[in-house]
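Shown next, in structure tokens, is the structure this report addresses.
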Amino acid sequence: MNPLSPITAPDDRGGQSPPAPWRLPLDPLLALAAAGLGVCSVMTLKSATRNLIPASPDYYVNRQALYLVIGFVLMLIASRLDYSRLRPYTRLIYGALIVSILAVLAVGHAARGSTRAISFPLFSFQASEVGKDLLILALAAFVVDRSRQLSQRDTTIRVVIGALIPAMLVIVQPDLGSGMVYMVIAYMLLFIAGTAWKQLAAIAALVLVAAAFVLVAAPAVGVHVLKPYQTERLTAFLHPSSNPSKVGYQQLESKIAIGAGQKTGRSGAPQTSLHFVPEDQTDFVFAAVGEKYGFVGAGLVLLLFGLLISRTLRILVMAKDLFGSLIAAGIAGMLMFQVFVNVGMTIGIMPITGVTLPLMSYGGSSVITTMLAVGLLQSIYVQARASAALKGRVLRD
Amino acid sequence: MSAIEPVRPRDPRVPVSPQLAWRVAILGMIAMIFFGVIFFRLWYLQILTGEQYVHQADVNHTRDLPIAAPRGEIFDREGKPIVSSRTTNAVQIIPGLLPPGITEQAVAYQKALYAAENARKAALVRLADYDRSLAGISHLTRAEHAEHRALTAEAAEPKVPVPPIARADHRLRSLFARLGRVIGLRARTIDERVVQGMTATPYAHVTVKTDAGRGALTVLGERAAEYPGVAQEPVSIRAYPFGEMAAQVIGHVDQISEPELKLKAFRGVRAGTVVGQEGLEYYYDAYLRGRPGIQRIEVNAAGEPVATRLAPTLPQAGHSLKVSLDLGLQREAEKAMAQGKAQAQAGAKPANGGAFVAMDPRNGQILAIGSSPGFDPNRFAKPLTPTEYRELVGSGSAAGPLDDKAENGAYPTGSTFKPITAMAALEGGVISPGEGLGSGSCISVSTQQFCNAGHTDYGPVGLVQALKVSSDTYFFEVGERAFTHGTVIQREAEKLGIGRFTGIDLPSEFKGVVPGPSWRREQNKLELQCERRRHVSNCGIVLEPERVWSVGDNMHLAVGQGELLTDPLQMAVAYSTLANAYTHGGVGTVVTPHLGLEIDEGDGSLRQTLSFPSHTVHLDDEDVNLVMEGIHKAASESGGTSADVWTGWNQAQDPVFGKTGTAQHYNQEDQSWYMCYIGDAKRPIVIAVTVEQGGFGAETAAPIARLIASQWYHQPLKFVAGSSKTL
């Protein structure tokens, strides 16, 4: 596979039309949103992590900045590639996804009770994160292959099972959040591909029944599908102050931090910088933003996410082929789910699920996964423009 | 929402399928709804209820530690310091900088405390159950007694030893051992104080030694690096440079106690603050204590202090207090009291306690006041052992040195009461002054005999002579006659200032008792109620609850005996009232005795003058003159009861109006009393002196009064014992 294929805007009309005006070879707004979130992440982590390692207060900031730069470069490279060339490698991509997750389970290191990453000398590789991109590509390709049998129940079931297998594997790690993201990706692909409403509704109903079984029925008869802490975390948000010292604590402190930020933030941000909000550099980074920069800062971050998601939906529509649309759909599902669940969790309206906030949360795997996804979107955008130009159409941004 | 727009109509484009457009639109709407919800939630959290979260966050991450304010000083009337605050250095331990072993130790100690407390609560419950099971049984068996004792012991406040330092923690051991050698404490003692301090006030520095001495402080200062976690902090401690002088009146200071925290007087005072405990220190505490500063420290989620830049709120020093005491007079008066007691003891009398008051009769300013035996208030700078504490407070009915007998004693006054009786009899028309009464050595009323001391027979005497020689039979007869006039003596006594609160600026004044018919009825009622409630034959309030106020009772009262209970301060007020009426044509000012003169700022400038309103009573000018003539003759004319005590005194310049008193107590030596007013034109003074078990008034109390007066008028100090053996 030779992914590098320079893109030109061929002019097959030989002077009949005026030359197309020069345009950036990528979507500037999408790039701006990604870069903006990266800057916000660094600014927030600077204060939120200054007391984590007393000897080197900038440890987290420096590493996050490095991940963001690497991720941005990877995004630029990906934007120069033609995503559609990946389509034939469905099985290979899916295989890589499963193998990497199994490898983590086999040799990964344990952090805080869960085995989610393989440690390398300079970084640790969290397969479940990168797996999100791989799953999007594999499922999208699969759906395109079966685009003529979309109405068949068989297709739907195979897509769901295709996502369920890696989801189960990461939930075992246990990484419940990523597992849920996988399922959302699959659902989003089916939704955009045009699966019948009836089937979509059936899946939704199944998920609800399964959730009820896992959270309520099974524990009642003594079978714990999830670890007790997971069940507790999932349900604690419904009654946050009932047990403020344990599970509710994190969410309560997070709300205090965000509330205390008021309009324009609180100097020193003591709630987050002194660790009253645990995991304020990763899962609860939004609490740090809210405390340090207040409503203005949190609003800006949300606006950037809004821009990111709206551009994703826009690219979904303008893609030159179904494969591109479905990739964009998967990425849209991934971003929307993570942003809403993560932010909702920090402000106390969603359960605690261990979902990272894309580009904001500290962590190389998460940052690079998201940047690669943005790179794919850029590629879809660029290819769509090239193809439109080829057909003599102008795509409205 | 068509995304692809044709620019050339002749080039048909592939349209986006309506289904895709519809589904993407749904997705977009879902996103909008979610963003909307999040925005409104943020608005609610940050804008609408943000204040409340700011407060919660503050509570979360800050702890306020008090910085003690220097306590205000107390000066005498001339501005000489009586009580000062001395700044010294305290050696403190900063637990956060010690090796981590100390935290483990503290945690282990707290766990042990918690366990012991739980065990104690359980034992209390069992004890209560056991008591309930024993209720109604009057005689316990030996086994039951033992069981009860065992349970009581279990339910007592537990003593939890501080667990030892972990054997492996050599750094901590060596640090405490080295520090101990420098400041003269055992390593184990330091360790215990630190662990207990960390338990009592987490985050705060623990003071292990106050006033460690210059040498130790220099060593610690110069080699700070060798003593990590050891710091020096300037602290202000109370100093009483004159030791025992006026100790009961000045009071002392101590950390505020749990019950005191609930008192209105200490509203707003934080636990751990040093406040006045007795006397002036207590009464004027609100002025003296100042306002403590606050050092706000920041802690992380684990409760560990973090480096912080928060500026402290500096403490505000207390105001100083100027009192009316005259330092020189106070010291001489105490010396005189000691001398008088020694003299009485040489005469084989116990003379185990005494009190004096010297007051300016015009305004109630107390020039000297004291109670013997005394104590050194500096002892309260260090914690007292229970034995030491009991010794100071006294046990049961016997008051310890802490008790101020001058304003809190409860005594009959003996003959010093006679001028009051005389005033009452004249004002009430019971007698006429020239009438000769009290002939014979005894008078009999029904079956009782009332006699003069030593069965002297003064013959029938008039009022002035009766006061001069202190004829008991005269006043017994006055008491007998007054009985038929109702409560003339009682009312006069209260009018002049006996048996009611004087209003002195000290916290524990005794109200006193002037017994009379209604008082007797009240006591009888109390006794009967008590007997009914407790089912005992006698509660000890009154021995014969059926007896009403009798003529004999009135006769005893007339000579200052019986159930009369008052103290030198009230007597000083009464004599001042007489003196004021004497000098102002019958208009007697009843002063409010007081010590406080003014509250000053730290730099000495006046902040507030203290005022103590007095009221006036009207006496007949002639009657007052007669009474005053009587007691002047008693102190100046040959044959007067205290005339020999004042031999050589310049009566022309400083006329003495004095009355001896000898109060009799069952099974004890007599209590010696002396009251006098010296009518100096510029510096009049009223002196009240009493010595418990000191013998006759003239032989012990009167000479002390003369010594006090001599100091006041700069006369040679000479102890002149009188020979009068009158009661």
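Residues in the structure tokens are named by chain (A, B, ... in the order shown) and by number from 1 within that chain; ligands are numbered from 1 in the order shown.
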Go through range 85-185 of chain A and collect every residue that DSSP, computed from the backbone, puts in strand (DSSP E or B); the answer should be as a PyMOL selection string.
chain A and resi 109-111+114-119+124-125
I need the residues from that last selection saved to file as an mmCIF file, in the first residue's frame (with C-alpha atoms), if you can.
```
data_model
loop_
_atom_site.group_PDB
_atom_site.id
_atom_site.type_symbol
_atom_site.label_atom_id
_atom_site.label_comp_id
_atom_site.auth_asym_id
_atom_site.auth_seq_id
_atom_site.Cartn_x
_atom_site.Cartn_y
_atom_site.Cartn_z
ATOM 1 C CA HIS A 109 0.987 -3.268 33.053
ATOM 2 C CA ALA A 110 -1.598 -2.647 35.636
ATOM 3 C CA ALA A 111 -2.441 0.898 36.623
ATOM 4 C CA SER A 114 -6.843 -2.135 35.479
ATOM 5 C CA THR A 115 -4.596 -3.431 32.719
ATOM 6 C CA ARG A 116 -5.002 -1.025 29.857
ATOM 7 C CA ALA A 117 -1.589 -0.372 28.410
ATOM 8 C CA ILE A 118 1.677 -1.924 27.331
ATOM 9 C CA SER A 119 4.703 -0.067 28.647
ATOM 10 C CA SER A 124 2.877 3.263 27.234
ATOM 11 C CA PHE A 125 0.547 2.092 24.537
#
```
Counting only C-alpha atoms, which residues of chain A sit at most 9 Å from some atom of chain B, and what is each one's closest atom pair with its distance in Å to one decimal, listed by chain and rising residue number, as JSON lines?
```
{"residue": "A:Phe191", "atom": "CA", "partner": "B:Arg23", "partner_atom": "CA", "distance": 7.3}
{"residue": "A:Ile192", "atom": "CA", "partner": "B:Leu20", "partner_atom": "CA", "distance": 6.4}
{"residue": "A:Ala193", "atom": "CA", "partner": "B:Leu20", "partner_atom": "CA", "distance": 7.8}
{"residue": "A:Gly194", "atom": "CA", "partner": "B:Leu20", "partner_atom": "CA", "distance": 7.1}
{"residue": "A:Glu253", "atom": "CA", "partner": "B:Ala57", "partner_atom": "CA", "distance": 8.3}
{"residue": "A:Lys255", "atom": "CA", "partner": "B:Leu45", "partner_atom": "CA", "distance": 7.5}
{"residue": "A:Ile256", "atom": "CA", "partner": "B:Tyr53", "partner_atom": "CA", "distance": 4.9}
{"residue": "A:Ala257", "atom": "CA", "partner": "B:Ala57", "partner_atom": "CA", "distance": 6.9}
{"residue": "A:Ile258", "atom": "CA", "partner": "B:Gln46", "partner_atom": "CA", "distance": 6.5}
{"residue": "A:Gly259", "atom": "CA", "partner": "B:Gln46", "partner_atom": "CA", "distance": 4.3}
{"residue": "A:Ala260", "atom": "CA", "partner": "B:Val54", "partner_atom": "CA", "distance": 4.2}
{"residue": "A:Gly261", "atom": "CA", "partner": "B:Gln46", "partner_atom": "CA", "distance": 6.3}
{"residue": "A:Gln262", "atom": "CA", "partner": "B:Gln46", "partner_atom": "CA", "distance": 4.2}
{"residue": "A:Lys263", "atom": "CA", "partner": "B:Ile47", "partner_atom": "CA", "distance": 6.1}
{"residue": "A:Arg266", "atom": "CA", "partner": "B:Val54", "partner_atom": "CA", "distance": 8.9}
{"residue": "A:Pro270", "atom": "CA", "partner": "B:His61", "partner_atom": "CA", "distance": 6.9}
{"residue": "A:Gln271", "atom": "CA", "partner": "B:Ala57", "partner_atom": "CA", "distance": 6.3}
{"residue": "A:Ser273", "atom": "CA", "partner": "B:Asn300", "partner_atom": "CA", "distance": 8.4}
{"residue": "A:Leu274", "atom": "CA", "partner": "B:Asn300", "partner_atom": "CA", "distance": 4.6}
{"residue": "A:His275", "atom": "CA", "partner": "B:Ala301", "partner_atom": "CA", "distance": 5.5}
{"residue": "A:Phe276", "atom": "CA", "partner": "B:Ala301", "partner_atom": "CA", "distance": 4.8}
{"residue": "A:Val277", "atom": "CA", "partner": "B:Ala301", "partner_atom": "CA", "distance": 8.2}
{"residue": "A:Pro278", "atom": "CA", "partner": "B:Ala301", "partner_atom": "CA", "distance": 8.9}
{"residue": "A:Gly290", "atom": "CA", "partner": "B:Gln46", "partner_atom": "CA", "distance": 8.3}
{"residue": "A:Gly294", "atom": "CA", "partner": "B:Gln46", "partner_atom": "CA", "distance": 7.0}
{"residue": "A:Phe295", "atom": "CA", "partner": "B:Gln46", "partner_atom": "CA", "distance": 6.3}
{"residue": "A:Ala298", "atom": "CA", "partner": "B:Leu42", "partner_atom": "CA", "distance": 8.2}
{"residue": "A:Gly299", "atom": "CA", "partner": "B:Phe39", "partner_atom": "CA", "distance": 7.4}
{"residue": "A:Leu302", "atom": "CA", "partner": "B:Phe35", "partner_atom": "CA", "distance": 7.7}
{"residue": "A:Leu303", "atom": "CA", "partner": "B:Phe35", "partner_atom": "CA", "distance": 8.9}
{"residue": "A:Gly306", "atom": "CA", "partner": "B:Phe35", "partner_atom": "CA", "distance": 7.7}
{"residue": "A:Ile309", "atom": "CA", "partner": "B:Ala31", "partner_atom": "CA", "distance": 8.2}
{"residue": "A:Ser310", "atom": "CA", "partner": "B:Gly28", "partner_atom": "CA", "distance": 7.5}
{"residue": "A:Leu313", "atom": "CA", "partner": "B:Val24", "partner_atom": "CA", "distance": 7.0}
{"residue": "A:Arg314", "atom": "CA", "partner": "B:Ala3", "partner_atom": "CA", "distance": 7.8}
{"residue": "A:Leu316", "atom": "CA", "partner": "B:Val24", "partner_atom": "CA", "distance": 8.3}
{"residue": "A:Val317", "atom": "CA", "partner": "B:Ala3", "partner_atom": "CA", "distance": 6.8}
{"residue": "A:Met318", "atom": "CA", "partner": "B:Ala3", "partner_atom": "CA", "distance": 6.7}
{"residue": "A:Ala329", "atom": "CA", "partner": "B:Val24", "partner_atom": "CA", "distance": 8.9}
{"residue": "A:Met336", "atom": "CA", "partner": "B:Ala31", "partner_atom": "CA", "distance": 7.1}
{"residue": "A:Phe340", "atom": "CA", "partner": "B:Phe34", "partner_atom": "CA", "distance": 6.8}
{"residue": "A:Val343", "atom": "CA", "partner": "B:Ile38", "partner_atom": "CA", "distance": 7.7}
{"residue": "A:Gly344", "atom": "CA", "partner": "B:Ile38", "partner_atom": "CA", "distance": 6.9}
{"residue": "A:Ile347", "atom": "CA", "partner": "B:Arg41", "partner_atom": "CA", "distance": 7.3}
{"residue": "A:Ile349", "atom": "CA", "partner": "B:Arg41", "partner_atom": "CA", "distance": 8.6}
{"residue": "A:Lys391", "atom": "CA", "partner": "B:Asp11", "partner_atom": "CA", "distance": 8.7}
{"residue": "A:Gly392", "atom": "CA", "partner": "B:Asp11", "partner_atom": "CA", "distance": 8.1}
{"residue": "A:Arg393", "atom": "CA", "partner": "B:Pro6", "partner_atom": "CA", "distance": 6.7}
{"residue": "A:Val394", "atom": "CA", "partner": "B:Val7", "partner_atom": "CA", "distance": 6.9}
{"residue": "A:Leu395", "atom": "CA", "partner": "B:Ile4", "partner_atom": "CA", "distance": 5.9}
{"residue": "A:Arg396", "atom": "CA", "partner": "B:Ile4", "partner_atom": "CA", "distance": 6.4}
{"residue": "A:Asp397", "atom": "CA", "partner": "B:Ala3", "partner_atom": "CA", "distance": 8.2}
```
From a DSSP calculation on the backbone, collect every residue of range 42-215 of chain A in helix (DSSP H, G or I) and output the set as number ranges by chain.
A: 42-48, 59-79, 83-107, 127-145, 147-149, 153-172, 176-193, 197-215
For range 354-357 of chain A, please output as a CSV table (one decimal) with C-alpha atoms, in the first residue's frame all residues within 12 Å (counting only C-alpha atoms; exclusion window: fewer than 2 positions along the same chain).
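Dumped everything to result37.csv:
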```
chain,number,residue,atom,x,y,z
A,37,LEU,CA,-8.3,22.4,22.2
A,38,GLY,CA,-4.6,21.4,22.4
A,41,SER,CA,-5.3,21.4,27.4
A,114,SER,CA,-6.8,-2.1,35.5
A,128,SER,CA,-8.2,0.4,23.6
A,129,GLU,CA,-7.8,4.1,22.6
A,171,ILE,CA,-14.4,-4.1,29.4
A,174,PRO,CA,-11.5,-3.2,32.7
A,175,ASP,CA,-12.1,-0.2,30.6
A,176,LEU,CA,-15.8,0.3,30.5
A,177,GLY,CA,-15.6,3.7,28.9
A,178,SER,CA,-13.8,2.5,25.8
A,179,GLY,CA,-16.2,-0.5,25.5
A,180,MET,CA,-19.1,1.9,25.5
A,181,VAL,CA,-17.4,4.1,22.9
A,182,TYR,CA,-17.1,1.0,20.6
A,229,TYR,CA,-17.2,-0.1,42.0
A,230,GLN,CA,-18.3,0.2,38.4
A,233,ARG,CA,-20.0,4.7,39.8
A,234,LEU,CA,-22.6,4.3,37.2
A,279,GLU,CA,-7.9,12.4,38.2
A,280,ASP,CA,-8.2,16.1,37.4
A,281,GLN,CA,-5.6,15.7,34.7
A,282,THR,CA,-7.3,12.9,32.9
A,283,ASP,CA,-11.0,12.1,33.3
A,284,PHE,CA,-11.8,15.2,35.3
A,285,VAL,CA,-9.8,17.7,33.3
A,286,PHE,CA,-13.0,19.7,32.6
A,287,ALA,CA,-13.3,20.4,36.3
A,289,VAL,CA,-10.9,24.1,33.2
A,301,VAL,CA,-13.7,24.7,25.3
A,302,LEU,CA,-17.3,23.7,24.6
A,305,PHE,CA,-15.8,21.0,20.7
A,334,MET,CA,-16.9,8.8,19.2
A,335,LEU,CA,-16.4,12.6,19.8
A,336,MET,CA,-20.0,13.4,20.7
A,337,PHE,CA,-20.2,10.5,23.1
A,338,GLN,CA,-16.9,11.2,24.8
A,339,VAL,CA,-17.6,15.0,25.1
A,340,PHE,CA,-21.1,14.7,26.4
A,341,VAL,CA,-20.4,11.8,28.8
A,342,ASN,CA,-17.2,13.3,30.1
A,343,VAL,CA,-18.4,16.9,30.6
A,344,GLY,CA,-21.7,15.6,31.9
A,345,MET,CA,-19.9,13.5,34.5
A,346,THR,CA,-17.9,16.5,35.7
A,350,MET,CA,-23.9,11.8,33.8
A,351,PRO,CA,-22.4,8.7,35.5
A,352,ILE,CA,-18.7,8.3,36.1
A,359,LEU,CA,-7.6,16.3,23.2
A,360,MET,CA,-8.1,17.8,26.7
A,361,SER,CA,-7.4,14.9,29.0
A,362,TYR,CA,-3.8,14.1,29.6
A,363,GLY,CA,-2.6,10.9,27.9
A,364,GLY,CA,-0.6,10.1,24.7
A,365,SER,CA,-2.8,7.3,23.4
A,366,SER,CA,-6.0,9.4,23.8
A,367,VAL,CA,-4.4,12.5,22.2
A,369,THR,CA,-6.1,8.6,18.7
A,370,THR,CA,-8.1,11.8,18.4
```
Neighbour list for Ser324 in chain B as a PyMOL selection string, cut-off 6 Å, only C-alpha atoms, skip fewer than 3 positions in-chain
chain B and resi 77+365-367+595+597
Selection from above, C-alpha atoms, as a short mmCIF file (atom, residue, chain, number, x, y, z; two decimals), in the first residue's frame, can you write it?
```cif
data_model
loop_
_atom_site.label_atom_id
_atom_site.label_comp_id
_atom_site.auth_asym_id
_atom_site.auth_seq_id
_atom_site.Cartn_x
_atom_site.Cartn_y
_atom_site.Cartn_z
CA ARG B 77 -2.98 54.16 89.81
CA GLN B 365 -11.63 53.56 94.47
CA ILE B 366 -9.93 50.63 96.11
CA LEU B 367 -6.41 51.56 97.13
CA LEU B 595 -10.58 48.75 90.95
CA LEU B 597 -9.99 53.29 86.46
#
```
CA of Ala186 in chain A and CA of Leu164 in chain A, how far apart in Å?
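CA of Ala186 in chain A lies 8.9 Å from CA of Leu164 in chain A.
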Close residues, Arg289 in chain B itself excluded, 10 Å, only C-alpha atoms, min 3 positions apart in chain, as a PyMOL selection string:
chain B and resi 68-73+253+269+273-276+281-282+284-286+292+316-320
Extract, using only C-alpha atoms, all DNA, RNA and protein residues at most 10 Å from Phe417 in chain B, discarding same-chain residues fewer than 6 positions from it, and format them as a PyMOL selection string.
chain B and resi 493+498+557-561+564+571+574-575+659-661+675
